[in-house]
Amino acid sequence: MSAFLRKHAWVIGLAVLLAVLLGITKAIQPGFGASGLESLARAALPFAFATAGMAVVVIVGGIDLSVASMMAVCAVTAAVLMERMAGVPALMIVLGVGLAMGLINGALIVLTRVPDIVVTLAMLFVWEGVALLILESPGGNTADWLERATRGFVGIDLLPKPFVIMAICIALVWVPIRRSKLGLSIYAVGSDEMAAFRSGVPVGWTKVAAYGICGLFCAMGGLSLAALTGIGEPVPGPYLMASVAAVVLGGVVLGGGKGGLLGPIIAVFILRIIRTILTLMAVDPNVTTIVEGVIMVGVVMLGTALTLRGRRS
Amino acid sequence: MKKVLTGLAALAVSVSFAPAAFADAHGGYTIGVSNTVQGNGWREEMICAMRAQALVEGDVTGLIVAHRNTDSAGQLEDINNLIEAGVDAIVLNPSNPDALNSALEAAMAAGIVVVAVDAGVTAEGAYILSNNQEEYAYLGARWLFEQLGGEGDVVYMRGIAGVSADTDRDNGFRRALAEFPGIEVVHEVFTGWQQDQGKQQMFDFLATGIPFDGVWTSGIDNVIVDAFVESGAPLVPIVGADNAGFVGQLSSVEGLQGAAVTNPGSVGGAGIALAVDILNGEAPDSNVVLVDPVLWENTTEEGRATLAAAQNPNLDPEWPVSVSIPGWTDYTMEQIIACEGPGEG
């Protein structure tokens with residue numbers, strides 16, 4: 001039991017923090033209930049997918065600065081396709097487009113040996129341009145069932161649909177991979193590339209696959225954007241920085257090899273609920289971002305300090 | 001464990017403080033504001049006008065401002081948070097006419113008054129208050145064509161293709177053009193509402209040597225005057241917007257004849273006033289309310305006096321100088337510059 005606690009200390013800590021923040025929200029606004037949870041889950045949806053994608057490439061030891069741009073490409077592709085064809089094939093095409101973009105990012109990094117931060121920075125602009133080529137100004141349409149899927153509850157009034165969708169989509173992709181050889185390889189390459197190579201892990205392929213998974217999650221993020229707004233917007237939203245923030249807060253080590261996806265997802269909810277609390281308290285919007293940043297640094301610093309102390313004792 | 005307990009204690013303290021900070025937001029109306037462009041002079045003036053108007057409205061006791069750079073999904077999040085905060089009205093500058101409907105409909109279902117300023121939304125039942133862009137273009141173009149004696153060649157500098165404000169302005173410009181058959185458009189460009197791009201386009205056209213008699217430009221104005229001055233070309237009448245820089249030039253640049261048409265960011269303040277009217281049961285007959293622009297020119301003594309009065313050295317140079325809208329806003333120049341709302345600061 002204590003071994004389990006120690007192993008998952010960070011995630012448990014985040015979950016406790018989230019519970020406390022939910023309690024604070026309830027204290028500030030006694031009316032905060034099911035509908036509040038639903039809008040929180042809806043707001044978290046695109047951030048969660050961006051964060052999941054970012055977490056996978058960070059675990060493999062890289063970083064992908066093009067997540068927001070890839071989401072924009074997928075959102076406009078979905079909005080343009082769904083105006084012309086049935087929803088399900090369009091959805092499949094969008095997932096394929098996301099996967100392809102991620103694989104291209106990964107292949108460029110592995111083949112050219114240019115640092116990932118440079119390649120994906122360049123691809124940030126490339127994908128941004130592609131999104132504008134597909135749709136010059138916001139428009140298009142999304143399938144009704146996709147829009148409905150992000151609203152309301154499943155069964156009882158406590159489980160918002162967007163939350164269920166988020167959990168299922170991320171688990172469907174990540175759990176099988178995590179338990180397969182590929183998952184092990186991703187962690188191995190992230191913790192020590194040379195050691196992984198000498199142990200016979202195909203380093204190049206593993207990296208390409210990790211970026212591909214990231215692209216797939218970005219496609220889901222883009223689809224969720226289209227579902228939330230009912231249109232496609234070609235200009236990327238604020239998902240790059242937010243995803244890096246959630247990954248760090250979620251206990252994934254920048255540099256690779258350590259962490260999972262659950263922590264970063266909880267971190268997404270923490271960052272969203274902080275914004276809700278600041279809105280409820282009518283905090284000056286120019287102060288809001290400062291507070292968000294300070295809380296993030298504070299939590300990471302406190303967590304690191306606790307971890308170090310725990311290791312010493 | 002001790003650390004964790006200390007942390008929990010700190011959080012508990014913040015919990016006990018938070019409701020106290022929130023409690024005084026009841027009694028009158030609480031209004032929520034949502035805007036998705038931060039750091040743009042026009043938008044900042046809009047936000048400050050909202051705060052100043054909320055301050056002078058006696059019925060408003062609280063203002064919650066969600067003001068950041070984000071996309072439509074982010075604005076949806078902000079609007080949902082405002083609904084959770086239990087506001088009585090939401091005044092927003094929409095990022096897109098169609099993308100926000102789910103949240104706006106939820107707001108209206110909860111009995112919240114929704115007023116969109118500056119641009120429209122398609123959600124049924126929402127009020128829209130914006131500057132009359134067609135009239136904006138018509139007013140300036142008509143003045144320019146009259147100034148030219150109904151005959152001559154003009155350069156027509158537009159904004160961004162496909163944006164509703166540009167389309168509306170084009171309709172107004174064409175309406176004026178139809179009234180003056182002697183006027184010819186010799187050059188039509190899109191500045192993209194970018195200062196540097198517009199200036200370069202004017203340089204390029206001046207370099208061609210094609211003669212023209214006047215310029216109508218859609219809000220990119222002071223750099224057009226700069227282009228004339230810097231290239232040494234003889235000045236022609238120029239019509240622009242009421243941005244502080246251009247208004248200053250109308251008084252200071254020797255030999256410049258021109259007019260500024262108002263496109264007030266203070267339409268945000270008018271949005272707050274409209275929301276309060278609706279909450280008090282005085283809803284307008286139509287869901288769409290247009291604010292008509294005013295033209296200030298520097299060719300008459302009276303016009304020059306108006307221009308001089310509009311200028312204020314304390315005003316941010318990026319702001320439109322029309323800081324208030326007669327008949328809608330009630331705050332003073334000092335109040336909008338102070339930019340403080342009720343229950344804030």
# chains A, B, ... in the order shown; residues from 1 in each chain; ligands from 1

$ interface_residues --of "chain A" --to "chain B" --cutoff "8 Å" --atoms "only C-alpha atoms" --output "PyMOL selection string"
chain A and resi 20+24+27-29+31-32+36+39-40+42-43+137-138+225+228-231+236-238+276+279-286+306

$ select_by_dssp --residues "range 84-114 of chain B" --states "strand (DSSP E)" --output "JSON, numbers by chain"
{"B": [89, 90, 91, 92, 113, 114]}

$ select_by_dssp --residues "range 126-186 of chain A" --states "alpha helix (DSSP H)" --output "ChimeraX atom specification"
/A:126-134,144-149,161-179,181-186
